[in-house]
Structure formats: C-alpha cells, structure tokens
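A quick write-up on the structure given underneath.
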Amino acid sequence: MILLPRARQLSLLLLLAGCSCEGPTPPSRRCDLGSSELDATTDATVRESFGGQPLLCRSGWCWEHPRLQSNGFLDAWGGEGEVWLSGEYGTLLRWSGGSWSLLETGTRIPLRAIGGGSRGDIWTIADSGDALHWNGTALEQIDAFKVGGAAGLWVSPEGDVWFASAQTSGFRDPATGRIEANVGPGAVDISGNASAVYLAAGGASRRPLSGGRFDLLDYDRGISAIDASSENSVWAASPGRSGLSADRAVSEVVRFEVDGVHVVPVPEQFGREEPVSVVVPNLDEAWVATSNAVYRGDGCRFVQAPTDDATFLSAIASGGPGDLWIGGETGALGRWLGDRFEIWNPGYAGANSDQSTTFSFGWGSVVDGWAVGRREDGAMLSVRWRASRGWAAEPIATASIALTDARAAWSTTDAFVLVGDDDGPATSSRLFRWEGREWETRSTPLRAEAGYETSSGEVFIVGGRQWAVHHNGAWELGTSGSLPLSGIRGLWGPDRLRSWVVADDGVAAWDGATWQVVTSAPQLAVHGTSSQDVWTGGSGGQLNHWDGSSWSTFPISGLPTSPLEAIVLSVYAVSTSEAYAVVSSADIPERRSDLAQWNGTDWSIVDGLSPRLAAVTGNGADVLLLGSRASIIGRGLDRQP
C-alpha cells in the first residue's frame, strides 16, 4: 500500500464527498474511463529495462529460469520510486527504479506481509512472527513481534508499525519498541493515513492515530483488501459476503467517504472473482487485483486492464505515478506499460501453482543441455539451454499416455527422455528423442528405470535385470551380468565399464563384466567424480561415500527436521571437496526440501533458494538446482543469456 501526502483543502474534500455515479460528476473527477479501453501510452524505457535485467543471485546461487525467480509472492508495497515484494521461502525483492534485486533475508520462512513508511523504513513479518526491517542500508531482524501469520502491515510516517492477523492486531511503538497487541479485532488487511488506521475483517473499522478505540464502519459484507492512503476516500474490495452467510456472493468495490459508503460498479466478471489486493496511486484512481485479473477504477466504475497472462495474482503495488506492478503466486511479475500489463516473469508456460516439478536433467555442456520432468497431472515439461537463446521450453506431447516418471539422458549426438508408462508393455519404456525440431517417440530394448551419459558420450540405461548402451546411433543390449537389484532409483558411472546402481533393495557396482551388491540398504541417489569418489543417499538424513576400498557414512548437520524424517532425493559431486545433495523434509510444509553441501569434511544444510527443490545436477563445476514451477538455479555459471 502507498502512503500519499494528505489533502487538507476543504474544496477537495467536498468534491470527493459529492462524487457519485448516480448524479452530476464534479469537474475534478475523471469518470470517463471507457468500457474496454484504457490510456494507450507505452513506456519504451520500461520495456528496455526488462531486457537488461541481470540474473538475481542469493547466497552465491543465481536464478537461471525463470529469469527472475519462481517463489510465490504474498504481499507488496510501493512508494517513493520503489516497489517491494515479499513471499515464500524468505523471498524479498526490491525494485529501485532501474532493476530488481534479491535480498538476503536469512530465513526460509514465508514473509507474509510487507509495508513501509518511506523507502528507508520497510517492514515485513514472517509466518514465525519475526520481523525484518530495512533501514535504508541493510536488513535487521526484530524478534519482538511473534505474531504468526500476519495478513496485513502498515507503517506510519512516524514509524508506527501496525499489523493485522486472524488472531490479533496491534502496533509497535518506534520510541520504545514495545508491541501493543489486541488493540483491535483479528483482520485480513490493514492500512492507514496521516489521521487514522483502518482494519479489514468481517467489515471495516477505523481508529484515530491519536488513540482511542476502533469504530466499526457501516458495511458488513466482508472486506478482503483495503487502501486508506487518502484521508478523504478509503477504498476497499469485498468478496460480497456478510459474515458466514453468502447472502450476496458477488465481489464488489466500495469507498468509505464522509457521506457514507459508496459501491462502485464493476464488470460482470469481476463479481465472480475474489479480490486479493487494492492499491491507490492517486486520489483519482484505484487498482484492484483478483486472482485472475486486474481492474482499474476512477471512483465511478471499474474496467479490466489488459494483461499478457495474469493467473494466480496475489499482490499489486505502485512506486509512484505510472509505476504499477503485479505479482503472482507462481513468482510471476508484471508491470503496467500504459496500455497493458506485461508479465515478464511468468515461469513455465502453462504450469500452475504447485503442479510443475522438474525431476531430472541431462547436461551435456555449457552449450546445450536439457531439464525434463512432469506435472502432477501427467503433462511433460522440457526446458533446453542454448547459448544463443538461453532457456526455452520445448514441449513434449504426451496426452495419450499415463506417465509415472521421466528421466533425461543426453549425449554429444542425442537427447533422450525415458518415461515410465503404466499403459505400456512390461518389457519396454516410452522413449522420446529430440530430432532437432521436436520430440519424437522411439523405443528402447528394455523397460528403462534409470540412465546417464558416460564420459565418452554414450548413454547407459538399466531396467529390470538388464542393461543397454546407446552408441554409434543404435542400442546394444547387454547379454551378461544380470542386475541383482529391483526397484531401481538411480544410475551413475564414469563410463560403462564402471557403474553404480541404487535401488530399493541396495546398491550394486558394475566392473565391466558382472554386477556385485555392495550394500543392502535402500538408496535413492548416486553420483561421483571417479571410481574412488562415489556418493549415495537415501533415508535417515545421511550420505554414504565409497573411496575405492570401503564405505563411510556421513550425517547432515543443520537439518530442519529429525534425521529419521529426512530423505536424500538427489546428489551431485563436483570434486572430492565439493558436493551437493537435495534433502526432503516432508513434515515441514514451508521447507519441503533443502540443499546440503559437502566441504571435504562434513555435510551441512545451506540456503537453496527454493522450498521445492527436486534435484541437483551439473557439468563439472557448473551446478544446477531443479525445482517446482520448472525453476532452475545455477552456481558457477558465468553467462548472460
């Protein structure tokens, strides 16, 4: 929400109070927004700023795809030429007029609400109740709040920090640092101006900043978002419900003014959507975001603003006149260009909130590589890196089959995607091969469960009790050394003469002639740098290392859950002193997976930028993290697409 200079002139107050769509319109008010058109101006500078946006990095890791980041946004604030967005996994983005920056917050907890009194006084509260304060130079942690699940935040010019949640509402005195809670009812949003603060809950209530109690305003249909930047006209969006009864299940926009409550006409489609955020850049206009659209109003009616793609919106904010931004639950970010919103960071096209997870990666070189996976609804995902284009989607058409898994294998001449197919024969797998323009279906000599590229550019696959290698443009089926494991989870080796398979019933090693079971402990992930440096991981929050003669076990320190509840999903080794693993912590929803790092002595949890990591992979020193919403996060990659 934006704090604007208050207008104290009596003439302006009277004009605002008298504005009504049902009667004469005062000359100072614009009530001529067309039913289908908005101001048709385009800011070329804005478009150019998107193209020049550098990679956003945090803790040494940089978002490769989508270009900004894909953690969802939960709230936004803007003013004095800046826009801030807070979100999942401790995500905090700042727009300072030229580019976006990703701030180090030191937390993985969602930052639920954000607000500011000026560009040097920004506050955000995490779900844990801890607050972060931007003092104009750096972030500092404030422990005194302890208000979990804050739904709204407003900061006065004097530095009072007002917060609202379903449990309690209150404020922090800047002079004493003392928290005064339970000063009002639980709420879903809060806003204020130079004379009063407003709470949004079942209705709306107001309290003078000078003290006193909260007075209920005459409106009982429910308020889901509010902006009280102006003392003279408070804007609010309503889901159209009265208490717990849906006697009017139609969303609407209202203005609280000195002469009562005014319902502002909205388009028919608006009434079917629940508003999520309101922002008032100036006295003559207001913007309301619903989950699927943005609407602009002049106090007399609202019209829908054109957008490239505005699904799963969660926040809207303005840094000043003409500087309007929207954010989404999938990390989507867009800016108003005068004639439409351009969604510059939409994430993976067609992927919805939590149904897009990249499972596997085939990485051949810094020139050409693939990330593949599937959504929970079975749709395949494929993203390709090319030096000339950066990351681009190459969809895989799989509507006719039921998919259970997808694994990539890349060689110097071919890219394959191995797919477990519930409807296919037990002796084969569905195989997709890149033919230069699109993926085409091929066959394999066995039902493959895992595969990898060897150092010589061959593709080695295993499945059931068999193995096969692809070289010289054809598959060769292995005829010796029946694999002594079932439920295969992973495969790796420096070449096809030395390989390790991890499975539900143990780990087996291939010496070029026979398979030997080296442990019966179930494992999910395997990788290494040589036959004397191999890592495997599974349950129990630990990793196992083969040094060429014996196995050693190393625990992971700093796990957000007990070791027995931690599962190693993926591992990637750079050298004997550097390796990474993705560890799942399923019992903590906001930290569904974490990144662990090996420093040559021990394993410890580090910040992996995303709460939904699925795999870690790479090519030599180039390391990539793969996560939900088709996100790819890199370290050690020195390039700008």
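The way I read the labels, and the way they are meant: chains A, B, ... in the order of the structure tokens, residue 1 as the first residue of every chain, and ligand 1 as the first ligand shown, with later ones counted on from there.
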Task: DSSP strand (DSSP E or B) residues within segment 280-334 of chain A, listed as a VMD selection string - done: chain A and resid 280 to 282 285 to 290 294 to 297 302 to 304 307 313 to 320 323 to 328 333 to 334
TODO: Skip segment 144-148 of chain A itself and residues of its chain fewer than 2 positions away, then list as an MDAnalysis selection string all residues within 7 Å of it, counting only C-alpha atoms.
DONE: chainID A and resid 127:131 142 150 179
For the selection you just gave me, I'd like the residues written to a file as a PDB file, in the first residue's frame, keeping N, CA and C atoms.
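Dumped everything to result_21.pdb:
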ATOM      1  N   ASP A 127       5.974 -15.775   8.838  1.00  0.00           N
ATOM      2  CA  ASP A 127       4.972 -16.615   9.488  1.00  0.00           C
ATOM      3  C   ASP A 127       5.381 -17.004  10.905  1.00  0.00           C
ATOM      4  N   SER A 128       6.670 -16.970  11.186  1.00  0.00           N
ATOM      5  CA  SER A 128       7.159 -17.289  12.530  1.00  0.00           C
ATOM      6  C   SER A 128       6.872 -16.164  13.516  1.00  0.00           C
ATOM      7  N   GLY A 129       6.511 -14.981  13.008  1.00  0.00           N
ATOM      8  CA  GLY A 129       6.300 -13.820  13.856  1.00  0.00           C
ATOM      9  C   GLY A 129       7.492 -12.892  13.896  1.00  0.00           C
ATOM     10  N   ASP A 130       8.661 -13.348  13.473  1.00  0.00           N
ATOM     11  CA  ASP A 130       9.836 -12.481  13.411  1.00  0.00           C
ATOM     12  C   ASP A 130       9.649 -11.442  12.308  1.00  0.00           C
ATOM     13  N   ALA A 131      10.201 -10.267  12.521  1.00  0.00           N
ATOM     14  CA  ALA A 131      10.097  -9.185  11.547  1.00  0.00           C
ATOM     15  C   ALA A 131      11.476  -8.820  11.020  1.00  0.00           C
ATOM     16  N   ILE A 142      14.061  -8.157  13.802  1.00  0.00           N
ATOM     17  CA  ILE A 142      13.398  -7.713  15.022  1.00  0.00           C
ATOM     18  C   ILE A 142      12.611  -8.894  15.573  1.00  0.00           C
ATOM     19  N   ALA A 150       0.801 -13.000   9.955  1.00  0.00           N
ATOM     20  CA  ALA A 150       0.333 -11.635   9.730  1.00  0.00           C
ATOM     21  C   ALA A 150      -0.233 -11.501   8.323  1.00  0.00           C
ATOM     22  N   ILE A 179       5.419  -3.821  21.796  1.00  0.00           N
ATOM     23  CA  ILE A 179       4.318  -4.296  20.967  1.00  0.00           C
ATOM     24  C   ILE A 179       3.021  -4.194  21.751  1.00  0.00           C
TER      25      ILE A 179
END
TODO: Report the distance between atom CA of Arg384 of chain A and atom CA of Leu93 of chain A in Å, rounded to one decimal place.
DONE: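 A separation of 26.6 Å between them.
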- [ ] Provide the atom CA of Pro110 of chain A to atom CA of Ile567 of chain A distance in Å, to one decimal place.
- [x] 22.6 Å
TODO: Find the residues around Leu609 of chain A up to 9 Å (only C-alpha atoms counted), leave out those fewer than 2 positions away in its own chain, and share them as a ChimeraX atom specification.
DONE: /A:58-59,61-63,71,89-91,108,594-595,607,611,613,633
TODO: Can you pull out every residue within 7 Å of segment 490-494 of chain A, counting only C-alpha atoms, but drop anything in the same chain fewer than 4 positions away, and send it as a ChimeraX atom specification?
DONE: /A:450-452,454-455,498-503,524-527,530
TODO: Considering only C-alpha atoms, return as a ChimeraX atom specification whatever protein or nucleic-acid residues lie within 8 Å of Ser165 of chain A, sequence-local ones (same chain, fewer than 4 positions apart) excluded.
DONE: /A:147-152,169,186-189
Task: Å distance separating atom CA of Pro306 of chain A from atom CA of Ala392 of chain A, one decimal place - done: 25.0 Å
Task: Distance query Arg255 of chain A at most 12 Å, only C-alpha atoms, self and fewer than 5 positions along chain excluded, as number ranges by chain - done: A: 16-17, 19-20, 204, 217-219, 223, 226-228, 230-238, 260-265, 278, 280, 283, 285-286, 297-301
Need to verify the contact set: Gln542 of chain A, 9 Å, only C-alpha atoms, exclusion of same-chain residues closer than 6 positions in sequence. Can you return it as a compact mmCIF listing (two decimals) with all heavy atoms, in the first residue's frame?
# COMPACT_ATOMS: atom_id res chain seq x y z
N THR A 553 29.94 -43.44 6.29
CA THR A 553 28.66 -42.76 6.43
C THR A 553 28.86 -41.40 7.07
O THR A 553 29.57 -41.27 8.07
CB THR A 553 27.69 -43.59 7.29
OG1 THR A 553 27.46 -44.85 6.65
CG2 THR A 553 26.36 -42.87 7.45
N PHE A 554 28.20 -40.37 6.48
CA PHE A 554 28.33 -39.00 6.98
C PHE A 554 26.93 -38.42 7.23
O PHE A 554 26.11 -38.37 6.32
CB PHE A 554 29.07 -38.12 5.98
CG PHE A 554 30.50 -38.50 5.76
CD1 PHE A 554 30.84 -39.44 4.79
CD2 PHE A 554 31.51 -37.93 6.52
CE1 PHE A 554 32.15 -39.81 4.58
CE2 PHE A 554 32.83 -38.30 6.32
CZ PHE A 554 33.16 -39.24 5.35
N PRO A 555 26.64 -37.96 8.44
CA PRO A 555 25.35 -37.32 8.71
C PRO A 555 25.32 -35.90 8.14
O PRO A 555 26.36 -35.32 7.83
CB PRO A 555 25.28 -37.30 10.23
CG PRO A 555 26.71 -37.23 10.66
CD PRO A 555 27.48 -38.05 9.65
N ILE A 556 24.13 -35.36 8.02
CA ILE A 556 23.94 -33.98 7.55
C ILE A 556 23.58 -33.12 8.75
O ILE A 556 22.57 -33.37 9.42
CB ILE A 556 22.83 -33.90 6.49
CG1 ILE A 556 23.15 -34.80 5.30
CG2 ILE A 556 22.65 -32.46 6.02
CD1 ILE A 556 22.02 -34.90 4.29
N PRO A 563 16.80 -36.50 11.66
CA PRO A 563 17.44 -37.27 10.59
C PRO A 563 16.58 -38.42 10.07
O PRO A 563 16.61 -38.73 8.87
CB PRO A 563 18.72 -37.79 11.25
CG PRO A 563 19.01 -36.78 12.32
CD PRO A 563 17.67 -36.35 12.83
N ALA A 566 14.35 -37.28 7.23
CA ALA A 566 14.98 -36.64 6.07
C ALA A 566 15.35 -37.68 5.03
O ALA A 566 15.87 -38.75 5.36
CB ALA A 566 16.22 -35.87 6.51
N ILE A 567 15.10 -37.36 3.76
CA ILE A 567 15.37 -38.28 2.66
C ILE A 567 16.21 -37.57 1.61
O ILE A 567 15.85 -36.47 1.16
CB ILE A 567 14.06 -38.78 2.03
CG1 ILE A 567 13.20 -39.50 3.07
CG2 ILE A 567 14.35 -39.70 0.85
CD1 ILE A 567 11.83 -39.88 2.56
N VAL A 568 17.31 -38.16 1.21
CA VAL A 568 18.16 -37.60 0.15
C VAL A 568 17.55 -37.96 -1.20
O VAL A 568 17.46 -39.13 -1.57
CB VAL A 568 19.60 -38.15 0.25
CG1 VAL A 568 20.44 -37.62 -0.91
CG2 VAL A 568 20.22 -37.75 1.59
N TRP A 603 28.92 -32.67 5.89
CA TRP A 603 27.75 -32.19 5.16
C TRP A 603 26.96 -31.25 6.06
O TRP A 603 26.77 -31.53 7.25
CB TRP A 603 26.84 -33.35 4.76
CG TRP A 603 27.35 -34.17 3.61
CD1 TRP A 603 28.14 -35.27 3.68
CD2 TRP A 603 27.07 -33.96 2.22
NE1 TRP A 603 28.39 -35.75 2.42
CE2 TRP A 603 27.73 -34.97 1.50
CE3 TRP A 603 26.32 -33.02 1.51
CZ2 TRP A 603 27.68 -35.07 0.12
CZ3 TRP A 603 26.26 -33.11 0.13
CH2 TRP A 603 26.93 -34.12 -0.56
